[in-house]
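Trainee: Enclosed is the structure file model-v5.cif (mmCIF, C-alpha atoms and all ligand atoms).
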data_structure
#
loop_
_atom_site.label_atom_id
_atom_site.label_comp_id
_atom_site.auth_asym_id
_atom_site.auth_seq_id
_atom_site.Cartn_x
_atom_site.Cartn_y
_atom_site.Cartn_z
CA MET A 1 0.00 0.00 0.00
CA SER A 2 1.36 3.39 -0.90
CA ARG A 3 0.19 6.96 -0.69
CA HIS A 4 -0.04 9.32 -3.63
CA GLN A 5 -1.09 12.87 -4.25
CA LEU A 6 -2.96 14.55 -7.09
CA ASP A 7 -3.23 18.28 -7.53
CA ALA A 8 -6.53 19.05 -9.27
CA ARG A 9 -6.83 22.59 -7.94
CA ASN A 10 -8.30 25.23 -10.23
CA LEU A 11 -9.73 22.57 -12.48
CA LEU A 12 -13.44 22.60 -13.07
CA CYS A 13 -15.58 19.51 -12.91
CA PRO A 14 -15.46 17.03 -14.47
CA LEU A 15 -11.70 17.46 -14.82
CA PRO A 16 -10.92 16.58 -11.18
CA VAL A 17 -12.83 13.31 -11.66
CA ILE A 18 -11.08 12.58 -14.94
CA ARG A 19 -7.67 13.21 -13.39
CA THR A 20 -8.60 11.03 -10.41
CA GLN A 21 -9.84 8.27 -12.70
CA ASP A 22 -6.71 8.33 -14.85
CA ARG A 23 -4.44 8.35 -11.81
CA VAL A 24 -6.28 5.57 -10.00
CA ALA A 25 -5.87 3.44 -13.13
CA THR A 26 -2.11 3.45 -12.49
CA LEU A 27 -2.39 2.49 -8.79
CA ALA A 28 -2.78 -0.83 -7.00
CA PRO A 29 -5.69 -1.93 -4.79
CA GLY A 30 -5.26 -0.57 -1.28
CA ASP A 31 -3.25 2.45 -2.42
CA VAL A 32 -4.50 5.78 -1.16
CA LEU A 33 -4.72 8.83 -3.38
CA GLU A 34 -5.01 12.27 -1.82
CA VAL A 35 -6.84 14.56 -4.24
CA LEU A 36 -6.61 18.32 -3.80
CA CYS A 37 -9.22 20.39 -5.59
CA THR A 38 -11.05 23.68 -5.45
CA ASP A 39 -14.26 23.03 -7.42
CA PRO A 40 -16.93 22.12 -4.86
CA GLY A 41 -18.55 19.99 -7.56
CA ALA A 42 -15.81 17.46 -6.89
CA LEU A 43 -17.41 16.78 -3.50
CA ASN A 44 -20.25 15.12 -5.37
CA ASP A 45 -18.49 13.84 -8.42
CA ILE A 46 -15.47 12.06 -6.96
CA PRO A 47 -17.50 10.09 -4.38
CA ALA A 48 -20.06 9.21 -7.09
CA TRP A 49 -17.31 8.03 -9.38
CA CYS A 50 -15.80 5.99 -6.53
CA ARG A 51 -19.12 4.31 -5.74
CA LEU A 52 -19.55 3.35 -9.40
CA ASN A 53 -16.10 1.93 -9.74
CA GLY A 54 -15.64 0.20 -6.42
CA HIS A 55 -13.28 2.63 -4.71
CA ARG A 56 -13.72 4.18 -1.28
CA VAL A 57 -13.60 7.77 -0.10
CA LEU A 58 -11.92 7.56 3.31
CA GLU A 59 -12.15 11.21 4.17
CA THR A 60 -13.13 14.62 2.84
CA ARG A 61 -12.03 17.83 4.49
CA ARG A 62 -11.45 21.48 3.73
CA GLU A 63 -8.11 23.14 4.08
CA GLY A 64 -8.67 26.83 3.52
CA ARG A 65 -9.87 27.15 -0.06
CA ASP A 66 -8.82 23.64 -0.90
CA ILE A 67 -10.94 20.53 -0.71
CA VAL A 68 -9.06 17.33 0.13
CA LEU A 69 -10.41 13.87 -0.62
CA LEU A 70 -8.71 10.63 0.34
CA VAL A 71 -9.52 7.85 -2.08
CA GLU A 72 -8.67 4.23 -1.38
CA VAL A 73 -8.28 2.21 -4.57
CA GLY A 74 -10.66 -0.77 -4.68
CA GLU A 75 -10.04 -4.35 -5.82
CA GLU A 76 -11.83 -4.22 -9.11
CA GLY A 77 -10.70 -1.13 -10.93
CA ARG A 78 -10.05 -0.79 -14.61
CA MET B 1 -25.40 -20.71 -22.68
CA SER B 2 -24.96 -17.85 -25.10
CA LYS B 3 -22.17 -15.38 -24.66
CA GLN B 4 -22.80 -12.36 -22.48
CA ARG B 5 -22.84 -9.46 -24.94
CA LYS B 6 -21.49 -6.11 -23.93
CA ALA B 7 -22.39 -2.65 -25.16
CA VAL B 8 -20.81 0.71 -24.58
CA ALA B 9 -23.36 3.52 -24.32
CA LEU B 10 -22.62 7.17 -24.97
CA VAL B 11 -23.92 8.94 -21.89
CA SER B 12 -24.42 12.69 -21.99
CA GLY B 13 -26.34 12.95 -18.75
CA GLY B 14 -29.58 13.78 -20.55
CA LEU B 15 -32.72 11.71 -20.78
CA ASP B 16 -32.31 10.22 -24.26
CA SER B 17 -28.96 8.58 -23.70
CA MET B 18 -30.16 7.39 -20.30
CA LEU B 19 -33.20 5.71 -21.86
CA ALA B 20 -31.14 4.19 -24.65
CA ALA B 21 -28.74 2.57 -22.19
CA LYS B 22 -31.57 1.36 -19.98
CA VAL B 23 -33.52 -0.17 -22.88
CA VAL B 24 -30.49 -2.22 -23.86
CA GLN B 25 -29.78 -3.22 -20.25
CA GLU B 26 -33.35 -4.48 -20.02
CA GLN B 27 -32.52 -6.91 -22.81
CA GLY B 28 -29.83 -8.58 -20.73
CA ILE B 29 -26.87 -6.80 -22.28
CA ARG B 30 -24.07 -5.67 -20.00
CA VAL B 31 -23.80 -1.95 -20.59
CA GLU B 32 -21.04 0.41 -19.53
CA GLY B 33 -21.23 4.13 -20.12
CA ILE B 34 -18.76 6.42 -21.76
CA ASN B 35 -18.86 10.18 -21.37
CA PHE B 36 -16.68 12.51 -23.36
CA PHE B 37 -15.18 15.67 -21.97
CA THR B 38 -14.76 18.15 -24.82
CA GLY B 39 -14.04 21.23 -22.71
CA PHE B 40 -17.36 22.74 -23.76
CA CYS B 41 -19.59 20.53 -21.63
CA VAL B 42 -22.24 22.39 -19.66
CA GLU B 43 -21.81 19.97 -16.75
CA GLY B 44 -21.22 21.47 -13.35
CA HIS B 45 -18.80 24.16 -14.34
CA THR B 46 -20.29 27.57 -13.95
CA HIS B 47 -22.81 26.16 -11.52
CA ALA B 48 -19.99 25.33 -9.20
CA ILE B 49 -18.48 28.76 -9.51
CA ARG B 50 -21.43 31.10 -9.38
CA GLU B 51 -23.23 31.78 -6.15
CA LYS B 52 -26.53 32.29 -7.91
CA ASP B 53 -26.41 28.73 -9.13
CA ARG B 54 -25.41 27.28 -5.79
CA SER B 55 -28.89 26.04 -5.08
CA ARG B 56 -28.86 23.84 -8.15
CA PRO B 57 -27.47 20.35 -7.80
CA LYS B 58 -23.78 20.39 -8.54
CA ARG B 59 -23.79 16.78 -9.53
CA ASN B 60 -22.36 15.55 -12.75
CA ASN B 61 -25.36 14.27 -14.67
CA ALA B 62 -23.49 11.56 -16.52
CA LEU B 63 -22.22 10.08 -13.24
CA TRP B 64 -25.66 10.40 -11.77
CA VAL B 65 -27.25 8.57 -14.71
CA ALA B 66 -24.69 5.80 -14.41
CA GLU B 67 -25.53 5.39 -10.73
CA GLN B 68 -29.25 5.28 -11.45
CA LEU B 69 -28.69 2.56 -14.02
CA GLY B 70 -26.10 0.71 -11.97
CA MET B 71 -23.45 0.77 -14.67
CA LYS B 72 -19.84 1.77 -14.81
CA LEU B 73 -18.99 5.08 -16.39
CA HIS B 74 -15.77 6.01 -18.10
CA ILE B 75 -15.17 9.72 -18.52
CA ILE B 76 -12.73 10.37 -21.31
CA ASP B 77 -10.92 13.60 -21.92
CA ILE B 78 -11.01 14.18 -25.67
CA SER B 79 -10.52 17.93 -25.42
CA ALA B 80 -7.18 17.97 -27.26
CA ASP B 81 -8.32 16.00 -30.31
CA TYR B 82 -11.73 17.62 -30.25
CA LYS B 83 -10.20 20.93 -31.23
CA ASP B 84 -9.97 19.84 -34.84
CA VAL B 85 -13.69 19.07 -34.80
CA VAL B 86 -14.49 22.58 -33.59
CA LEU B 87 -12.04 24.34 -35.89
CA ASN B 88 -12.57 22.36 -39.07
CA PRO B 89 -15.95 20.68 -39.13
CA LYS B 90 -16.30 18.93 -42.46
CA HIS B 91 -20.06 19.14 -42.23
CA GLY B 92 -20.17 22.71 -40.97
CA TYR B 93 -21.80 24.31 -37.96
CA GLY B 94 -25.32 24.39 -36.59
CA ALA B 95 -27.03 27.63 -35.56
CA ASN B 96 -23.95 28.71 -33.56
CA LEU B 97 -20.42 27.30 -33.41
CA ASN B 98 -21.76 23.83 -32.68
CA PRO B 99 -20.31 21.26 -35.10
CA CYS B 100 -22.91 18.68 -34.07
CA LEU B 101 -22.65 16.26 -36.96
CA ASP B 102 -18.86 16.11 -36.91
CA CYS B 103 -18.99 15.92 -33.13
CA LYS B 104 -21.26 12.87 -33.22
CA ILE B 105 -19.09 11.17 -35.81
CA PHE B 106 -16.01 11.85 -33.72
CA MET B 107 -17.56 10.62 -30.48
CA VAL B 108 -18.94 7.45 -32.02
CA HIS B 109 -15.55 6.86 -33.58
CA ARG B 110 -13.85 7.20 -30.19
CA ALA B 111 -16.47 4.91 -28.66
CA LEU B 112 -15.69 2.39 -31.38
CA GLU B 113 -12.01 2.47 -30.50
CA TRP B 114 -12.88 1.99 -26.84
CA MET B 115 -15.24 -0.85 -27.73
CA GLU B 116 -12.55 -2.67 -29.66
CA ALA B 117 -9.87 -2.10 -27.04
CA ASN B 118 -12.11 -3.43 -24.27
CA GLY B 119 -13.71 -6.37 -26.06
CA PHE B 120 -17.22 -4.95 -26.24
CA ASP B 121 -19.68 -5.85 -29.00
CA PHE B 122 -21.57 -2.75 -30.01
CA ILE B 123 -22.27 0.94 -29.35
CA VAL B 124 -25.48 2.51 -28.10
CA THR B 125 -26.54 6.14 -28.51
CA GLY B 126 -29.70 8.03 -27.60
CA GLU B 127 -30.08 9.63 -31.01
CA VAL B 128 -33.61 10.06 -32.33
CA VAL B 129 -34.40 10.60 -35.99
CA GLY B 130 -35.51 14.15 -36.70
CA GLN B 131 -34.81 15.43 -33.21
CA ARG B 132 -32.16 17.97 -34.04
CA PRO B 133 -32.17 20.09 -37.19
CA LYS B 134 -28.87 18.91 -38.54
CA SER B 135 -27.20 16.09 -36.70
CA GLN B 136 -30.20 13.86 -36.16
CA ARG B 137 -31.98 13.98 -39.53
CA ALA B 138 -32.98 10.76 -41.22
CA ASP B 139 -30.33 11.30 -43.88
CA THR B 140 -27.55 12.07 -41.43
CA MET B 141 -28.03 8.97 -39.29
CA PRO B 142 -26.24 6.74 -41.84
CA VAL B 143 -23.52 9.40 -42.14
CA VAL B 144 -22.65 9.03 -38.45
CA ALA B 145 -22.64 5.23 -38.69
CA ARG B 146 -20.51 5.26 -41.83
CA GLU B 147 -18.02 8.03 -41.17
CA SER B 148 -17.38 6.97 -37.58
CA GLY B 149 -16.50 3.50 -38.85
CA ALA B 150 -19.02 1.93 -36.46
CA GLU B 151 -21.32 0.93 -39.34
CA ASP B 152 -23.88 -1.61 -38.15
CA ARG B 153 -22.39 -1.91 -34.68
CA LEU B 154 -24.10 1.36 -33.86
CA LEU B 155 -27.51 0.82 -32.29
CA ARG B 156 -29.96 3.65 -31.56
CA PRO B 157 -32.56 1.90 -29.43
CA LEU B 158 -34.96 4.85 -29.37
CA CYS B 159 -35.44 4.98 -33.13
CA ALA B 160 -34.04 1.61 -34.28
CA LYS B 161 -37.31 0.58 -35.84
CA ASN B 162 -37.08 3.50 -38.26
CA LEU B 163 -33.66 2.37 -39.39
CA PRO B 164 -32.33 -0.77 -41.09
CA PRO B 165 -31.56 -3.63 -38.67
CA THR B 166 -28.08 -3.42 -37.15
CA LEU B 167 -25.74 -6.26 -36.28
CA PRO B 168 -26.96 -6.68 -32.67
CA GLU B 169 -30.51 -6.98 -34.00
CA ARG B 170 -29.67 -9.37 -36.84
CA GLU B 171 -27.60 -11.57 -34.55
CA GLY B 172 -30.41 -11.64 -32.01
CA TRP B 173 -28.31 -10.08 -29.23
CA VAL B 174 -31.20 -7.66 -28.84
CA GLU B 175 -34.78 -8.07 -29.98
CA ARG B 176 -35.73 -5.46 -32.54
CA GLU B 177 -39.33 -5.76 -31.42
CA ARG B 178 -38.41 -4.40 -28.02
CA LEU B 179 -36.74 -1.31 -29.46
CA TYR B 180 -38.52 1.93 -30.39
CA ASP B 181 -39.56 4.05 -33.35
CA PHE B 182 -39.40 7.57 -31.95
CA SER B 183 -38.99 10.43 -34.38
CA GLY B 184 -39.29 14.19 -34.43
CA ARG B 185 -38.93 16.80 -31.76
CA SER B 186 -41.69 15.79 -29.38
CA ARG B 187 -40.41 14.74 -25.97
CA LYS B 188 -43.60 12.92 -25.04
CA PRO B 189 -42.54 9.41 -26.13
CA GLN B 190 -39.34 9.72 -24.11
CA MET B 191 -41.20 10.88 -21.05
CA ALA B 192 -43.69 8.05 -21.38
CA LEU B 193 -40.87 5.53 -21.76
CA ALA B 194 -39.09 6.96 -18.72
CA ALA B 195 -42.27 6.48 -16.71
CA ALA B 196 -42.70 2.94 -18.03
CA LEU B 197 -39.12 2.11 -17.04
CA GLY B 198 -39.64 3.58 -13.59
CA LEU B 199 -37.23 6.47 -14.12
CA LYS B 200 -38.74 9.33 -12.17
CA GLU B 201 -35.95 11.86 -12.13
CA TYR B 202 -33.81 12.93 -15.03
CA ALA B 203 -31.98 15.95 -16.33
CA GLN B 204 -33.55 17.92 -19.14
CA PRO B 205 -30.80 19.81 -20.88
CA ALA B 206 -32.24 22.65 -22.88
CA GLY B 207 -31.10 22.65 -26.50
CA GLY B 208 -27.75 20.99 -26.88
CA CYS B 209 -25.37 19.29 -24.53
CA CYS B 210 -22.62 21.87 -24.74
CA PHE B 211 -21.75 25.55 -24.65
CA LEU B 212 -21.15 25.65 -28.39
CA THR B 213 -24.91 25.73 -28.95
CA ASP B 214 -25.08 28.87 -26.82
CA GLU B 215 -25.24 32.08 -28.82
CA HIS B 216 -23.36 34.20 -26.28
CA TYR B 217 -20.67 31.65 -25.75
CA SER B 218 -20.16 31.26 -29.50
CA ALA B 219 -19.91 35.03 -29.85
CA LYS B 220 -17.14 35.09 -27.22
CA LEU B 221 -15.27 32.32 -28.97
CA ALA B 222 -15.56 34.07 -32.33
CA ASP B 223 -14.34 37.28 -30.69
CA LEU B 224 -11.31 35.45 -29.31
CA TRP B 225 -10.40 34.16 -32.76
CA ARG B 226 -10.88 37.56 -34.34
CA ALA B 227 -8.73 39.30 -31.76
CA ARG B 228 -5.91 36.79 -32.05
CA GLY B 229 -6.07 36.69 -35.83
CA GLU B 230 -6.27 32.91 -35.82
CA ARG B 231 -8.80 30.24 -35.13
CA ASP B 232 -7.25 28.40 -32.23
CA TYR B 233 -7.76 27.87 -28.51
CA ASP B 234 -6.50 25.97 -25.54
CA LEU B 235 -8.38 24.52 -22.62
CA ASP B 236 -7.82 27.57 -20.42
CA ASP B 237 -9.22 29.86 -23.12
CA ILE B 238 -12.47 27.97 -23.37
CA MET B 239 -12.82 27.62 -19.59
CA LEU B 240 -12.35 31.35 -19.16
CA LEU B 241 -15.06 32.05 -21.73
CA LYS B 242 -17.49 30.51 -19.25
CA VAL B 243 -16.50 32.77 -16.40
CA GLY B 244 -16.94 36.47 -15.67
CA ARG B 245 -17.94 39.51 -17.62
CA HIS B 246 -15.96 39.89 -20.84
CA LEU B 247 -15.31 43.42 -22.04
CA ARG B 248 -13.27 44.41 -25.08
CA PRO B 249 -12.60 48.15 -24.83
CA ARG B 250 -10.00 48.10 -27.60
CA PRO B 251 -9.53 45.59 -30.42
CA HIS B 252 -6.20 44.41 -29.03
CA PHE B 253 -7.21 43.61 -25.46
CA LYS B 254 -10.02 42.16 -23.46
CA LEU B 255 -10.84 42.24 -19.77
CA ILE B 256 -12.27 39.31 -17.86
CA ILE B 257 -14.03 40.67 -14.79
CA GLY B 258 -15.13 38.46 -11.91
CA ARG B 259 -18.77 39.07 -11.05
CA GLU B 260 -18.68 37.61 -7.58
CA GLU B 261 -16.47 35.89 -5.08
CA GLY B 262 -16.72 32.46 -6.66
CA GLU B 263 -15.62 33.82 -10.03
CA ASN B 264 -12.86 35.91 -8.46
CA ASN B 265 -11.54 32.81 -6.74
CA PHE B 266 -11.56 30.94 -10.00
CA LEU B 267 -9.83 33.76 -11.85
CA GLU B 268 -7.19 33.85 -9.11
CA GLY B 269 -5.99 30.57 -10.54
CA TYR B 270 -5.01 32.42 -13.73
CA ARG B 271 -2.91 35.16 -12.13
CA ARG B 272 0.22 33.52 -13.43
CA ARG B 273 -0.94 33.82 -17.02
CA PHE B 274 -2.33 37.33 -17.24
CA ILE B 275 -1.68 40.86 -16.12
CA HIS B 276 -4.32 41.34 -13.47
CA LEU B 277 -5.87 44.20 -11.57
CA ARG B 278 -7.70 44.58 -8.31
CA THR B 279 -8.98 47.57 -6.41
CA LEU B 280 -7.34 48.55 -3.15
CA GLY B 281 -9.31 50.04 -0.29
CA HIS B 282 -12.62 49.08 -1.89
CA THR B 283 -13.98 45.60 -2.47
CA GLY B 284 -13.88 44.89 -6.17
CA PRO B 285 -13.46 42.27 -8.83
CA LEU B 286 -10.32 40.54 -9.93
CA VAL B 287 -9.75 41.59 -13.54
CA LEU B 288 -7.59 39.68 -16.00
CA VAL B 289 -6.16 41.46 -19.03
CA ASP B 290 -6.01 39.35 -22.17
CA GLY B 291 -3.86 40.98 -24.86
CA LYS B 292 -0.81 43.20 -25.17
CA VAL B 293 -1.34 46.51 -23.40
CA ASP B 294 0.47 49.81 -22.96
CA ARG B 295 0.29 52.36 -20.17
CA ASP B 296 -2.89 54.03 -21.53
CA ASP B 297 -4.61 50.69 -21.91
CA LEU B 298 -3.78 49.82 -18.30
CA GLU B 299 -5.15 53.13 -17.12
CA LEU B 300 -8.40 52.42 -18.95
CA ALA B 301 -8.45 48.87 -17.58
CA ALA B 302 -7.98 50.26 -14.06
CA ARG B 303 -10.86 52.72 -14.51
CA ILE B 304 -13.06 49.85 -15.68
CA ALA B 305 -11.98 47.65 -12.75
CA ALA B 306 -12.88 50.52 -10.41
CA ARG B 307 -16.25 50.92 -12.10
CA TYR B 308 -17.19 47.35 -11.19
CA GLY B 309 -16.09 47.63 -7.54
CA GLN B 310 -17.63 49.11 -4.41
CA GLY B 311 -15.74 52.33 -5.06
CA ARG B 312 -17.60 53.03 -8.27
CA ASP B 313 -19.00 56.30 -6.90
CA ALA B 314 -15.77 57.49 -5.35
CA ALA B 315 -13.81 60.30 -6.98
CA ALA B 316 -10.62 58.25 -7.07
CA VAL B 317 -9.81 54.60 -6.50
CA GLU B 318 -6.47 52.88 -6.15
CA VAL B 319 -6.01 49.93 -8.41
CA GLN B 320 -3.17 47.48 -8.12
CA VAL B 321 -1.72 46.20 -11.37
CA GLU B 322 0.39 43.06 -11.33
CA ASP B 323 2.09 41.17 -14.10
CA PRO B 324 2.01 37.37 -14.27
CA GLU B 325 5.41 37.05 -12.64
CA GLY B 326 4.20 39.17 -9.73
CA VAL B 327 7.27 41.41 -9.96
CA LEU B 328 5.78 44.58 -11.41
CA GLY B 329 3.32 45.78 -8.80
CA ALA B 330 2.18 49.25 -9.79
CA VAL B 331 -0.64 51.11 -8.09
CA LEU B 332 -2.69 53.46 -10.26
CA THR B 333 -5.02 56.05 -8.82
CA VAL B 334 -7.92 56.48 -11.22
CA ALA B 335 -11.43 57.84 -11.52
CA PRO B 336 -13.91 54.97 -11.96
CA LEU B 337 -15.32 55.02 -15.46
CA PRO B 338 -18.93 56.24 -15.37
CA PRO B 339 -21.37 53.55 -16.53
CA HIS B 340 -22.42 55.55 -19.61
CA GLU B 341 -18.83 55.49 -20.79
CA VAL B 342 -18.89 51.71 -20.93
CA PRO B 343 -20.67 51.24 -24.26
CA GLU B 344 -22.72 48.16 -24.96
CA SER B 345 -20.40 47.34 -27.86
CA TRP B 346 -17.57 46.57 -25.41
CA HIS B 347 -19.50 43.65 -23.99
CA VAL B 348 -18.41 40.52 -25.74
S1 LIG C 1 -24.42 20.09 -28.75
FE1 LIG C 1 -22.18 20.07 -28.53
S2 LIG C 1 -21.71 18.05 -27.63
FE2 LIG C 1 -23.79 17.94 -28.42
S3 LIG C 1 -23.55 17.10 -30.51
FE3 LIG C 1 -23.57 19.34 -30.69
S4 LIG C 1 -21.43 19.94 -30.65
FE4 LIG C 1 -21.53 17.84 -29.84
#
Using the file provided, produce a representation of the structure as structure tokens.
Mentor:
Amino acid sequence: MSRHQLDARNLLCPLPVIRTQDRVATLAPGDVLEVLCTDPGALNDIPAWCRLNGHRVLETRREGRDIVLLVEVGEEGR
Amino acid sequence: MSKQRKAVALVSGGLDSMLAAKVVQEQGIRVEGINFFTGFCVEGHTHAIREKDRSRPKRNNALWVAEQLGMKLHIIDISADYKDVVLNPKHGYGANLNPCLDCKIFMVHRALEWMEANGFDFIVTGEVVGQRPKSQRADTMPVVARESGAEDRLLRPLCAKNLPPTLPEREGWVERERLYDFSGRSRKPQMALAAALGLKEYAQPAGGCCFLTDEHYSAKLADLWRARGERDYDLDDIMLLKVGRHLRPRPHFKLIIGREEGENNFLEGYRRRFIHLRTLGHTGPLVLVDGKVDRDDLELAARIAARYGQGRDAAAVEVQVEDPEGVLGAVLTVAPLPPHEVPESWHV
């Protein structure tokens, strides 16, 4: 299991989801990806994308203007 | 037991593509969705930025549809290759800068590539004969199938009965009898089918699925091309066209003026690319300057920035001017431009 970071700040939805999706595709199950973004739409879109594709959002929090989501890569993936 | 057939459905987030995918699912086909990001998609974007749209759901409709139907969704960024479709549409534009027919051909072609790479059997779209003036006419349906290369692996479940049988129908993967014969612009058959399939909630995009069908947006894009003397754009250009008030006081420069906090925050992200102005001492917008400017231009830009801030009625307002590198921080003291000196023709 390893930890990774993705900077999707100043990108508008659906770009943060697309970047998350493309990054997750390169990771292994159990890996955790920390996604930084600023578009509040990502608070809906990234969890929705995770539910559809079998990944888990471990945490969402705000850090100033940034939104941080922790995504744990699921078994299935593709 | 027969082989489990798999279809990839183009999902826009609207009702038609949702119904098309659902109809095929109902026939026992495993369906996965594909959604293309062109850079012009109406999805989320401005809603997420503008306060006035905060009350609206900020969800991505394509993802939402996929969840409703219990299918996977792949969102694919085609924005780079899509540029050629926008700049050189072989079949021309619709009412605005929307190259719908070329766009459909391109998307179905990309879906075909995805289908082949992932071992799927056919492609599903929500197209309906006669629904859109140009891209969904009876005579353009075969054009999409042919020029995309998908040929008879392209199934349009909502109007399949008006078209020759496709491979999935001939092979018996789907029953033609359980497909539909919708045509024309009426939305009633779709709404009835949604009800019959138990779909109670769905998005109703007005007009097209992207900003290119929007008259104002197209005007801003055309203005950008005119000003630069070439038809070209990058992703930042087309994002910025969705945000703020755009004013072109002189042919060689344009101002992008945040209309509220959300937009100002978004424009902040572009400080490294543009000369930018903000008022000091009074609350005001962040203003980006797009173009090459001299001292007089900056003075005018500062007066305009002041006009859109809280200090608009003050005799003099201090405006900070910064270049992208953040090294040249000049402060200009200017008189806000009176509203009547901002002619309508400046508004892009
Ligand atoms: S409205 Fe936009 S996305 Fe939809 S077909 Fe036309 S050009 Fe393509």
Trainee: Quick one: residues within 6 Å of ligand LIG 1 (chain C), with all atoms listed in the file, as a PDB file with C-alpha atoms, in the frame of the given file?
Mentor:
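Dumped to part16.pdb:
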ATOM      1  CA  ASN B  98     -21.760  23.830 -32.680  1.00  0.00           C
ATOM      2  CA  PRO B  99     -20.310  21.260 -35.100  1.00  0.00           C
ATOM      3  CA  CYS B 100     -22.910  18.680 -34.070  1.00  0.00           C
ATOM      4  CA  CYS B 103     -18.990  15.920 -33.130  1.00  0.00           C
ATOM      5  CA  LYS B 104     -21.260  12.870 -33.220  1.00  0.00           C
ATOM      6  CA  GLY B 208     -27.750  20.990 -26.880  1.00  0.00           C
ATOM      7  CA  CYS B 209     -25.370  19.290 -24.530  1.00  0.00           C
ATOM      8  CA  CYS B 210     -22.620  21.870 -24.740  1.00  0.00           C
ATOM      9  CA  LEU B 212     -21.150  25.650 -28.390  1.00  0.00           C
ATOM     10  CA  THR B 213     -24.910  25.730 -28.950  1.00  0.00           C
TER      11      THR B 213
END
Trainee: For Pro40 of chain A, which residue out of B:Tyr202, B:Trp114, B:Tyr217, B:Phe266 is the nearest one, using all atoms listed in the file?
Mentor: B:Phe266
Trainee: Quick one: pull the distance between atom CA of Asn88 of chain B and atom CA of Pro14 of chain A, Å, one decimal.
Mentor: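 Separation of atom CA of Asn88 of chain B and atom CA of Pro14 of chain A: 25.3 Å.
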Trainee: What is the distance between atom CA of Asp45 of chain A and atom CA of Arg59 of chain B, in Å to one decimal?
Mentor: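 Computing the Euclidean distance for atom CA of Asp45 of chain A and atom CA of Arg59 of chain B yields 6.2 Å.
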Trainee: With a distance threshold of 9 Å and counting only C-alpha atoms, extract the residues of chain A near chain B and express them as a list in words.
Mentor: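 Per the criterion, chain A yields Arg9, Asn10, Leu11, Leu12, Cys13, Pro14, Leu15, Val17, Ile18, Gln21, Thr38, Asp39, Pro40, Gly41, Ala42, Leu43, Asn44, Asp45, Ala48, Trp49, Arg51, Leu52, Asn53 and Arg65 of chain A.
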Trainee: Please report the interatomic distance between atom CA of Leu69 of chain B and atom CA of Gln190 of chain B in Å with one decimal.
Mentor: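 Atom-to-atom, atom CA of Leu69 of chain B and atom CA of Gln190 of chain B are spaced 16.3 Å apart.
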Trainee: If we count only C-alpha atoms, what is near Val129 of chain B at a cut-off of 9 Å, once residues fewer than 3 positions away on the same chain are taken out, given as a PyMOL selection string?
Mentor: chain B and resi 132+136-141+158-159+162-163+181-185
Trainee: Any idea what's packed within 10 Å of Gly74 of chain A, counting all atoms listed in the file, ignoring anything in its chain fewer than 5 positions away? Could you give it as a list of chain:residue names?
Mentor: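 After dropping sequence-adjacent residues, the list is A:Val24, A:Leu27, A:Ala28, A:Pro29, A:Gly30, A:Asp31, A:Val32, A:Cys50, A:Arg51, A:Asn53, A:Gly54, A:His55, A:Arg56.
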Trainee: Go through B:Val348, B:Ala196, B:Met18, B:Leu235 one by one, measure the shortest atom-to-atom distance of each to Asp223 of chain B using only C-alpha atoms, and give the residue with the smallest value.
Mentor: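 Distance minimum relative to Asp223 of chain B lands on B:Val348.
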Trainee: List as a VMD selection string: which residues have an atom within 9 Å of (-6.9, 49.8, -3.9), counting all atoms listed in the file?
Mentor: chain B and resid 278 to 284 306 317 to 320 331 to 333
Trainee: Please provide the set of residues having any atom within 10 Å of segment 60-64 of chain A, restricted to only C-alpha atoms, with same-chain residues fewer than 2 positions apart removed, written as a list of chain:residue names.
Mentor: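 Those residues are A:Glu34, A:Val35, A:Leu36, A:Cys37, A:Thr38, A:Leu43, A:Pro47, A:Val57, A:Leu58, A:Asp66, A:Ile67, A:Val68, A:Leu69, A:Leu70, A:Val71.
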Trainee: Give me, as a PDB file with C-alpha atoms, keeping the file's coordinate frame, all polymer residues having an atom no more than 9 Å from Ile257 of chain B, counting all atoms listed in the file and skipping those fewer than 4 positions away in the same chain.
Mentor:
ATOM      1  CA  VAL B 243     -16.500  32.770 -16.400  1.00  0.00           C
ATOM      2  CA  GLY B 244     -16.940  36.470 -15.670  1.00  0.00           C
ATOM      3  CA  ARG B 245     -17.940  39.510 -17.620  1.00  0.00           C
ATOM      4  CA  HIS B 246     -15.960  39.890 -20.840  1.00  0.00           C
ATOM      5  CA  LEU B 247     -15.310  43.420 -22.040  1.00  0.00           C
ATOM      6  CA  GLU B 263     -15.620  33.820 -10.030  1.00  0.00           C
ATOM      7  CA  ASN B 264     -12.860  35.910  -8.460  1.00  0.00           C
ATOM      8  CA  LEU B 267      -9.830  33.760 -11.850  1.00  0.00           C
ATOM      9  CA  PRO B 285     -13.460  42.270  -8.830  1.00  0.00           C
ATOM     10  CA  LEU B 286     -10.320  40.540  -9.930  1.00  0.00           C
ATOM     11  CA  VAL B 287      -9.750  41.590 -13.540  1.00  0.00           C
ATOM     12  CA  LEU B 288      -7.590  39.680 -16.000  1.00  0.00           C
ATOM     13  CA  VAL B 289      -6.160  41.460 -19.030  1.00  0.00           C
ATOM     14  CA  ALA B 305     -11.980  47.650 -12.750  1.00  0.00           C
ATOM     15  CA  TYR B 308     -17.190  47.350 -11.190  1.00  0.00           C
TER      16      TYR B 308
END
Trainee: Using all atoms listed in the file, pick whichever of B:Arg312, B:Arg5, B:Arg231, B:Lys200 has the shortest atom-to-atom distance to Gly172 of chain B.
Mentor: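 Under the stated criterion, the closest residue is B:Arg5.
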